[in-house]
file upload24.txt (compact mmCIF, C-alpha atoms and all ligand atoms)
# COMPACT_ATOMS: atom_id res chain seq x y z
CA MET A 1375 -55.52 -18.63 10.56
CA ASN A 1376 -57.29 -17.43 13.64
CA ASP A 1377 -59.48 -20.52 13.48
CA LEU A 1378 -56.47 -22.76 13.40
CA ARG A 1379 -55.03 -21.20 16.51
CA GLU A 1380 -58.35 -21.54 18.28
CA ILE A 1381 -58.60 -25.19 17.27
CA ARG A 1382 -55.09 -25.94 18.54
CA ALA A 1383 -55.86 -24.36 21.86
CA TYR A 1384 -59.08 -26.34 22.01
CA CYS A 1385 -57.37 -29.63 21.17
CA LYS A 1386 -55.00 -29.13 24.07
CA LYS A 1387 -57.92 -28.61 26.41
CA ALA A 1388 -60.04 -31.34 24.85
CA THR A 1389 -57.79 -34.19 25.86
CA GLN A 1390 -59.98 -34.17 28.95
CA LEU A 1391 -63.72 -34.77 28.84
CA CYS A 1392 -64.32 -33.75 32.45
CA PRO A 1393 -62.62 -31.43 34.94
CA CYS A 1394 -60.55 -34.20 36.56
CA GLY A 1395 -59.69 -35.93 33.26
CA TYR A 1396 -60.58 -39.44 34.46
CA LEU A 1397 -64.11 -39.72 33.03
CA GLY A 1398 -64.62 -43.26 31.68
CA HIS A 1399 -61.21 -44.40 32.93
CA PRO A 1400 -61.21 -48.06 34.02
CA SER A 1401 -59.81 -47.02 37.42
CA GLY A 1402 -63.12 -45.34 38.23
CA LYS A 1403 -61.25 -42.38 39.70
CA CYS A 1404 -63.66 -39.77 38.31
CA HIS A 1405 -66.21 -38.40 40.75
CA CYS A 1406 -67.27 -35.39 38.67
CA THR A 1407 -71.02 -34.73 38.78
CA PRO A 1408 -73.06 -34.59 35.53
CA ASP A 1409 -73.50 -30.90 36.27
CA GLN A 1410 -69.77 -30.24 36.51
CA ILE A 1411 -69.18 -32.19 33.28
CA ALA A 1412 -71.89 -30.27 31.41
CA ARG A 1413 -70.44 -26.95 32.54
CA TYR A 1414 -66.92 -28.06 31.58
CA ARG A 1415 -67.98 -29.10 28.08
CA GLY A 1416 -70.09 -25.99 27.65
CA ARG A 1417 -66.88 -24.02 27.34
CA ILE A 1418 -66.28 -25.56 23.93
CA SER A 1419 -68.22 -23.46 21.44
CA GLY A 1420 -70.51 -25.05 18.86
CA PRO A 1421 -69.07 -23.11 15.91
CA LEU A 1422 -65.62 -24.34 16.92
CA LEU A 1423 -66.75 -27.98 17.08
CA ASP A 1424 -68.27 -27.53 13.62
CA ARG A 1425 -64.81 -26.95 12.22
CA ILE A 1426 -63.52 -30.29 13.43
CA ASP A 1427 -64.21 -33.12 10.98
CA MET A 1428 -64.16 -35.99 13.43
CA GLN A 1429 -64.85 -36.07 17.15
CA ILE A 1430 -64.30 -39.45 18.71
CA GLU A 1431 -64.21 -40.50 22.32
CA VAL A 1432 -61.15 -42.65 22.92
CA PRO A 1433 -61.45 -44.63 26.15
CA ALA A 1434 -58.32 -45.18 28.19
CA VAL A 1435 -56.89 -48.64 27.53
CA PRO A 1436 -54.71 -50.43 30.08
CA GLN A 1437 -51.23 -50.92 28.66
CA GLN A 1438 -51.43 -54.72 28.59
CA GLU A 1439 -54.56 -54.54 26.44
CA LEU A 1440 -52.79 -52.13 24.13
CA MET A 1441 -49.96 -54.58 23.50
CA LYS A 1442 -52.39 -57.44 22.85
CA GLN A 1443 -54.42 -55.42 20.36
CA GLN A 1444 -51.32 -54.33 18.53
CA ALA A 1445 -50.40 -57.94 17.87
CA ALA A 1446 -53.88 -58.87 16.67
CA GLY A 1447 -54.67 -55.75 14.60
CA GLU A 1448 -54.23 -54.95 10.94
CA LYS A 1449 -50.67 -54.22 9.81
CA SER A 1450 -49.98 -50.51 9.40
CA SER A 1451 -48.46 -51.13 5.96
CA THR A 1452 -51.83 -52.55 4.85
CA ILE A 1453 -53.65 -49.54 6.24
CA ARG A 1454 -51.17 -47.23 4.55
CA GLN A 1455 -51.84 -48.83 1.19
CA ARG A 1456 -55.58 -48.35 1.63
CA VAL A 1457 -55.15 -44.71 2.61
CA GLU A 1458 -52.85 -43.99 -0.33
CA LYS A 1459 -55.32 -45.57 -2.71
CA ALA A 1460 -58.20 -43.49 -1.31
CA TYR A 1461 -56.06 -40.36 -1.54
CA GLN A 1462 -55.26 -40.99 -5.21
CA LEU A 1463 -58.92 -41.74 -5.91
CA GLN A 1464 -59.85 -38.31 -4.55
CA LEU A 1465 -57.22 -36.49 -6.60
CA ASP A 1466 -58.30 -38.30 -9.78
CA ARG A 1467 -61.97 -37.53 -9.18
CA GLN A 1468 -61.86 -33.91 -8.06
CA GLY A 1469 -58.25 -32.69 -8.01
CA LYS A 1470 -58.20 -32.28 -4.21
CA THR A 1471 -58.89 -34.20 -1.04
CA ASN A 1472 -62.44 -34.55 0.27
CA SER A 1473 -61.71 -32.32 3.24
CA ARG A 1474 -61.06 -29.39 0.86
CA LEU A 1475 -64.30 -29.69 -1.10
CA GLY A 1476 -66.46 -26.57 -1.25
CA VAL A 1477 -70.24 -26.64 -0.88
CA LYS A 1478 -70.92 -26.89 -4.65
CA GLU A 1479 -68.33 -29.63 -5.03
CA ILE A 1480 -69.90 -31.52 -2.15
CA ASP A 1481 -73.22 -31.50 -4.02
CA GLN A 1482 -71.44 -32.85 -7.03
CA HIS A 1483 -69.26 -35.55 -5.49
CA CYS A 1484 -71.17 -36.56 -2.36
CA ALA A 1485 -74.59 -37.22 -3.88
CA LEU A 1486 -76.84 -39.43 -1.75
CA ASP A 1487 -79.55 -41.94 -2.56
CA SER A 1488 -82.91 -41.40 -0.86
CA ALA A 1489 -82.23 -43.81 2.04
CA SER A 1490 -78.98 -42.05 2.94
CA GLU A 1491 -80.57 -38.64 2.46
CA ASN A 1492 -83.37 -39.58 4.88
CA LEU A 1493 -80.96 -40.92 7.46
CA LEU A 1494 -78.86 -37.78 7.35
CA THR A 1495 -81.86 -35.45 7.45
CA GLN A 1496 -83.19 -37.28 10.50
CA ALA A 1497 -79.84 -37.13 12.26
CA ILE A 1498 -79.49 -33.42 11.52
CA SER A 1499 -82.84 -32.59 13.08
CA ARG A 1500 -82.55 -35.02 15.99
CA LEU A 1501 -79.03 -33.90 16.92
CA ASN A 1502 -79.78 -30.30 16.00
CA LEU A 1503 -76.71 -30.07 13.75
CA SER A 1504 -75.67 -27.01 11.77
CA ALA A 1505 -75.33 -26.72 8.01
CA ARG A 1506 -71.60 -26.85 8.48
CA ALA A 1507 -71.81 -30.13 10.42
CA TYR A 1508 -74.04 -31.46 7.63
CA HIS A 1509 -71.32 -30.81 5.06
CA ARG A 1510 -68.65 -32.28 7.32
CA ILE A 1511 -70.64 -35.50 7.63
CA LEU A 1512 -70.96 -35.71 3.85
CA LYS A 1513 -67.22 -35.25 3.36
CA VAL A 1514 -66.33 -37.83 5.99
CA ALA A 1515 -68.89 -40.28 4.49
CA ARG A 1516 -67.27 -39.70 1.08
CA THR A 1517 -63.89 -40.58 2.59
CA ILE A 1518 -65.25 -43.73 4.27
CA ALA A 1519 -66.66 -44.83 0.90
CA ASP A 1520 -63.34 -44.04 -0.80
CA LEU A 1521 -61.44 -46.12 1.77
CA ALA A 1522 -63.81 -48.99 1.04
CA GLY A 1523 -63.25 -48.45 -2.70
CA VAL A 1524 -66.97 -47.81 -3.24
CA LYS A 1525 -68.21 -45.26 -5.80
CA LYS A 1526 -71.56 -44.40 -4.23
CA ILE A 1527 -72.04 -43.25 -0.66
CA THR A 1528 -74.46 -45.59 1.13
CA ASN A 1529 -76.46 -45.11 4.32
CA GLN A 1530 -73.86 -47.24 6.12
CA HIS A 1531 -71.19 -44.69 5.28
CA ILE A 1532 -73.49 -41.90 6.44
CA ALA A 1533 -74.27 -43.75 9.68
CA GLU A 1534 -70.56 -44.18 10.40
CA ALA A 1535 -69.82 -40.52 9.63
CA ILE A 1536 -72.60 -39.42 12.01
CA GLN A 1537 -70.91 -41.46 14.74
CA TYR A 1538 -67.86 -39.24 14.36
CA ARG A 1539 -69.83 -36.14 15.45
CA LYS A 1540 -69.66 -37.39 19.00
CA LEU A 1541 -69.42 -34.07 20.77
CA ASP A 1542 -72.30 -32.49 18.85
CA LYS A 1543 -74.65 -34.92 20.54
CA GLN A 1544 -73.90 -33.90 24.10
ZN ZN A 1601 -63.88 -36.38 36.30

call {"tool": "encode", "arguments": {"input": "upload24.txt", "output": "structure tokens"}}
result
Amino acid sequence: MNDLREIRAYCKKATQLCPCGYLGHPSGKCHCTPDQIARYRGRISGPLLDRIDMQIEVPAVPQQELMKQQAAGEKSSTIRQRVEKAYQLQLDRQGKTNSRLGVKEIDQHCALDSASENLLTQAISRLNLSARAYHRILKVARTIADLAGVKKITNQHIAEAIQYRKLDKQ
């Protein structure tokens, strides 16, 4: 419960990646120094980041672009169908969603082939990730595979899941 409150407070703060909040904005308004940014991000604790499944940087998009992309993108009803299918798949396989899997269940349901295992081991040591982050990556990779309707997790799924640990890498 305490964790949840901490995460909520963090999420509020985390809408900004630098003190001014304009880092990466197309307007180029941000003049924060790398030092200031590092100090700002240092306030987010590692153990707290570990508890967040996916960390993605979302660049600001000018409104016109947003409208264009909406017209060209996949229909949300199609996406909904895919998500519902993946959800059901998880319940049928293990009686719960991937995010609720315990460590033993992860071993059982998120088994990797040697190529994926190598990729993940390398990423863990290169990015200096914790055991908890390791398990988060496995669960997210399992979900990516489920969304694709694929039984076995491949190194592509692992690679994508590693991408979602964006803040660990900084
Ligand atoms: Zn800034």

call {"tool": "closest_residue", "arguments": {"input": "upload24.txt", "among": "A:Tyr1461, A:Tyr1396, A:Tyr1508, A:Tyr1414", "to": "ligand ZN 1601 (chain A)", "atoms": "only C-alpha atoms and all ligand atoms"}}
result
A:Tyr1396

call {"tool": "residues_around", "arguments": {"input": "upload24.txt", "residues": "Thr1407 in chain A", "least_positions_apart": "2", "cutoff": "12 Å", "atoms": "all atoms listed in the file", "output": "PyMOL selection string"}}
result
chain A and resi 1392-1394+1397+1404-1405+1409-1414

call {"tool": "atom_distance", "arguments": {"input": "upload24.txt", "atom1": "CA of Val1477 in chain A", "atom2": "CA of Ile1518 in chain A"}}
result
18.5 Å

call {"tool": "atom_distance", "arguments": {"input": "upload24.txt", "atom1": "CA of Lys1459 in chain A", "atom2": "CA of Gly1523 in chain A"}}
result
8.4 Å

call {"tool": "closest_residue", "arguments": {"input": "upload24.txt", "among": "A:Leu1494, A:Ile1511, A:Leu1391, A:Cys1406", "to": "ligand ZN 1601 (chain A)", "atoms": "all atoms listed in the file"}}
result
A:Cys1406

call {"tool": "atom_distance", "arguments": {"input": "upload24.txt", "atom1": "CA of Tyr1538 in chain A", "atom2": "CA of Met1428 in chain A"}}
result
5.0 Å

call {"tool": "closest_residue", "arguments": {"input": "upload24.txt", "among": "A:Ala1535, A:Arg1500, A:Asp1466, A:Lys1403", "to": "ligand ZN 1601 (chain A)", "atoms": "all atoms listed in the file"}}
result
A:Lys1403

call {"tool": "residues_around", "arguments": {"input": "upload24.txt", "residues": "Lys1525 in chain A", "least_positions_apart": "5", "cutoff": "10 Å", "atoms": "all atoms listed in the file", "output": "mmCIF file with C-alpha atoms, in the coordinates of the input"}}
result
data_model
loop_
_atom_site.group_PDB
_atom_site.id
_atom_site.type_symbol
_atom_site.label_atom_id
_atom_site.label_comp_id
_atom_site.auth_asym_id
_atom_site.auth_seq_id
_atom_site.Cartn_x
_atom_site.Cartn_y
_atom_site.Cartn_z
ATOM 1 C CA LEU A 1463 -58.920 -41.740 -5.910
ATOM 2 C CA HIS A 1483 -69.260 -35.550 -5.490
ATOM 3 C CA CYS A 1484 -71.170 -36.560 -2.360
ATOM 4 C CA ARG A 1516 -67.270 -39.700 1.080
ATOM 5 C CA ALA A 1519 -66.660 -44.830 0.900
ATOM 6 C CA ASP A 1520 -63.340 -44.040 -0.800
#

call {"tool": "closest_residue", "arguments": {"input": "upload24.txt", "among": "A:Lys1513, A:Ser1490, A:Pro1433, A:Leu1503", "to": "Thr1528 in chain A", "atoms": "all atoms listed in the file"}}
result
A:Ser1490

call {"tool": "closest_residue", "arguments": {"input": "upload24.txt", "among": "A:Leu1465, A:Met1441, A:Ile1527, A:Ile1536", "to": "Ala1497 in chain A", "atoms": "only C-alpha atoms"}}
result
A:Ile1536

call {"tool": "closest_residue", "arguments": {"input": "upload24.txt", "among": "A:Ser1473, A:Gln1437, A:Gln1530, A:Ser1401", "to": "ligand ZN 1601 (chain A)", "atoms": "only C-alpha atoms and all ligand atoms"}}
result
A:Ser1401

call {"tool": "residues_around", "arguments": {"input": "upload24.txt", "residues": "Lys1540 in chain A", "least_positions_apart": "5", "cutoff": "8 Å", "atoms": "only C-alpha atoms", "output": "PyMOL selection string"}}
result
chain A and resi 1428-1431

call {"tool": "decode", "arguments": {"input": "upload24.txt", "residues": "range 1443-1470 of chain A", "atoms": "N, CA, C and O atoms", "output": "mmCIF file, in the first residue's frame"}}
result
data_model
loop_
_atom_site.group_PDB
_atom_site.id
_atom_site.type_symbol
_atom_site.label_atom_id
_atom_site.label_comp_id
_atom_site.auth_asym_id
_atom_site.auth_seq_id
_atom_site.Cartn_x
_atom_site.Cartn_y
_atom_site.Cartn_z
ATOM 1 N N GLN A 1443 -1.872 11.453 -37.091
ATOM 2 C CA GLN A 1443 -1.557 10.084 -36.697
ATOM 3 C C GLN A 1443 -2.802 9.315 -36.277
ATOM 4 O O GLN A 1443 -2.908 8.128 -36.499
ATOM 5 N N GLN A 1444 -3.724 10.031 -35.688
ATOM 6 C CA GLN A 1444 -4.959 9.390 -35.259
ATOM 7 C C GLN A 1444 -5.701 8.809 -36.461
ATOM 8 O O GLN A 1444 -6.217 7.708 -36.411
ATOM 9 N N ALA A 1445 -5.712 9.567 -37.539
ATOM 10 C CA ALA A 1445 -6.424 9.135 -38.731
ATOM 11 C C ALA A 1445 -5.747 7.921 -39.355
ATOM 12 O O ALA A 1445 -6.410 7.026 -39.873
ATOM 13 N N ALA A 1446 -4.403 7.881 -39.297
ATOM 14 C CA ALA A 1446 -3.670 6.832 -39.990
ATOM 15 C C ALA A 1446 -3.502 5.566 -39.141
ATOM 16 O O ALA A 1446 -3.276 4.501 -39.674
ATOM 17 N N GLY A 1447 -3.633 5.681 -37.823
ATOM 18 C CA GLY A 1447 -3.308 4.577 -36.926
ATOM 19 C C GLY A 1447 -4.329 3.457 -36.919
ATOM 20 O O GLY A 1447 -5.360 3.510 -37.582
ATOM 21 N N GLU A 1448 -4.002 2.433 -36.134
ATOM 22 C CA GLU A 1448 -4.870 1.275 -35.994
ATOM 23 C C GLU A 1448 -6.139 1.669 -35.230
ATOM 24 O O GLU A 1448 -6.082 2.497 -34.327
ATOM 25 N N LYS A 1449 -7.258 1.076 -35.577
ATOM 26 C CA LYS A 1449 -8.506 1.408 -34.878
ATOM 27 C C LYS A 1449 -8.464 0.879 -33.447
ATOM 28 O O LYS A 1449 -7.979 -0.216 -33.210
ATOM 29 N N SER A 1450 -9.017 1.658 -32.507
ATOM 30 C CA SER A 1450 -8.902 1.212 -31.114
ATOM 31 C C SER A 1450 -9.743 -0.039 -30.861
ATOM 32 O O SER A 1450 -9.449 -0.821 -29.967
ATOM 33 N N SER A 1451 -10.773 -0.271 -31.673
ATOM 34 C CA SER A 1451 -11.554 -1.504 -31.493
ATOM 35 C C SER A 1451 -10.709 -2.733 -31.850
ATOM 36 O O SER A 1451 -10.833 -3.789 -31.228
ATOM 37 N N THR A 1452 -9.830 -2.573 -32.837
ATOM 38 C CA THR A 1452 -8.931 -3.672 -33.219
ATOM 39 C C THR A 1452 -7.943 -3.957 -32.102
ATOM 40 O O THR A 1452 -7.677 -5.111 -31.760
ATOM 41 N N ILE A 1453 -7.404 -2.878 -31.539
ATOM 42 C CA ILE A 1453 -6.442 -3.026 -30.447
ATOM 43 C C ILE A 1453 -7.125 -3.671 -29.249
ATOM 44 O O ILE A 1453 -6.584 -4.561 -28.609
ATOM 45 N N ARG A 1454 -8.338 -3.244 -28.983
ATOM 46 C CA ARG A 1454 -9.091 -3.796 -27.857
ATOM 47 C C ARG A 1454 -9.265 -5.307 -27.993
ATOM 48 O O ARG A 1454 -9.079 -6.053 -27.036
ATOM 49 N N GLN A 1455 -9.591 -5.730 -29.194
ATOM 50 C CA GLN A 1455 -9.766 -7.168 -29.444
ATOM 51 C C GLN A 1455 -8.491 -7.935 -29.130
ATOM 52 O O GLN A 1455 -8.515 -9.005 -28.521
ATOM 53 N N ARG A 1456 -7.356 -7.373 -29.565
ATOM 54 C CA ARG A 1456 -6.072 -8.025 -29.361
ATOM 55 C C ARG A 1456 -5.748 -8.123 -27.864
ATOM 56 O O ARG A 1456 -5.268 -9.138 -27.383
ATOM 57 N N VAL A 1457 -6.039 -7.045 -27.156
ATOM 58 C CA VAL A 1457 -5.759 -7.011 -25.717
ATOM 59 C C VAL A 1457 -6.649 -8.014 -24.985
ATOM 60 O O VAL A 1457 -6.184 -8.760 -24.114
ATOM 61 N N GLU A 1458 -7.921 -8.071 -25.371
ATOM 62 C CA GLU A 1458 -8.833 -9.007 -24.698
ATOM 63 C C GLU A 1458 -8.413 -10.456 -24.931
ATOM 64 O O GLU A 1458 -8.493 -11.296 -24.035
ATOM 65 N N LYS A 1459 -7.941 -10.715 -26.131
ATOM 66 C CA LYS A 1459 -7.490 -12.062 -26.472
ATOM 67 C C LYS A 1459 -6.266 -12.444 -25.620
ATOM 68 O O LYS A 1459 -6.187 -13.548 -25.084
ATOM 69 N N ALA A 1460 -5.324 -11.496 -25.507
ATOM 70 C CA ALA A 1460 -4.106 -11.745 -24.730
ATOM 71 C C ALA A 1460 -4.456 -11.946 -23.256
ATOM 72 O O ALA A 1460 -3.864 -12.775 -22.565
ATOM 73 N N TYR A 1461 -5.409 -11.183 -22.791
ATOM 74 C CA TYR A 1461 -5.863 -11.282 -21.386
ATOM 75 C C TYR A 1461 -6.419 -12.673 -21.110
ATOM 76 O O TYR A 1461 -6.057 -13.331 -20.137
ATOM 77 N N GLN A 1462 -7.293 -13.137 -22.009
ATOM 78 C CA GLN A 1462 -7.910 -14.451 -21.846
ATOM 79 C C GLN A 1462 -6.858 -15.558 -21.900
ATOM 80 O O GLN A 1462 -6.895 -16.510 -21.120
ATOM 81 N N LEU A 1463 -5.920 -15.390 -22.805
ATOM 82 C CA LEU A 1463 -4.809 -16.340 -22.951
ATOM 83 C C LEU A 1463 -4.071 -16.517 -21.621
ATOM 84 O O LEU A 1463 -3.727 -17.621 -21.200
ATOM 85 N N GLN A 1464 -3.845 -15.404 -20.948
ATOM 86 C CA GLN A 1464 -3.121 -15.418 -19.672
ATOM 87 C C GLN A 1464 -3.934 -16.127 -18.594
ATOM 88 O O GLN A 1464 -3.408 -16.937 -17.836
ATOM 89 N N LEU A 1465 -5.221 -15.831 -18.546
ATOM 90 C CA LEU A 1465 -6.079 -16.483 -17.549
ATOM 91 C C LEU A 1465 -6.143 -17.981 -17.791
ATOM 92 O O LEU A 1465 -6.084 -18.785 -16.848
ATOM 93 N N ASP A 1466 -6.268 -18.394 -19.051
ATOM 94 C CA ASP A 1466 -6.341 -19.821 -19.380
ATOM 95 C C ASP A 1466 -5.039 -20.531 -19.007
ATOM 96 O O ASP A 1466 -5.055 -21.669 -18.548
ATOM 97 N N ARG A 1467 -3.914 -19.875 -19.226
ATOM 98 C CA ARG A 1467 -2.626 -20.512 -19.007
ATOM 99 C C ARG A 1467 -2.264 -20.611 -17.525
ATOM 100 O O ARG A 1467 -1.761 -21.606 -17.060
ATOM 101 N N GLN A 1468 -2.529 -19.538 -16.778
ATOM 102 C CA GLN A 1468 -1.966 -19.468 -15.428
ATOM 103 C C GLN A 1468 -2.942 -18.927 -14.381
ATOM 104 O O GLN A 1468 -2.574 -18.740 -13.231
ATOM 105 N N GLY A 1469 -4.183 -18.641 -14.798
ATOM 106 C CA GLY A 1469 -5.202 -18.210 -13.841
ATOM 107 C C GLY A 1469 -5.042 -16.787 -13.338
ATOM 108 O O GLY A 1469 -5.750 -16.370 -12.413
ATOM 109 N N LYS A 1470 -4.125 -16.021 -13.900
ATOM 110 C CA LYS A 1470 -3.915 -14.629 -13.514
ATOM 111 C C LYS A 1470 -3.181 -13.907 -14.635
ATOM 112 O O LYS A 1470 -2.678 -14.554 -15.556
#
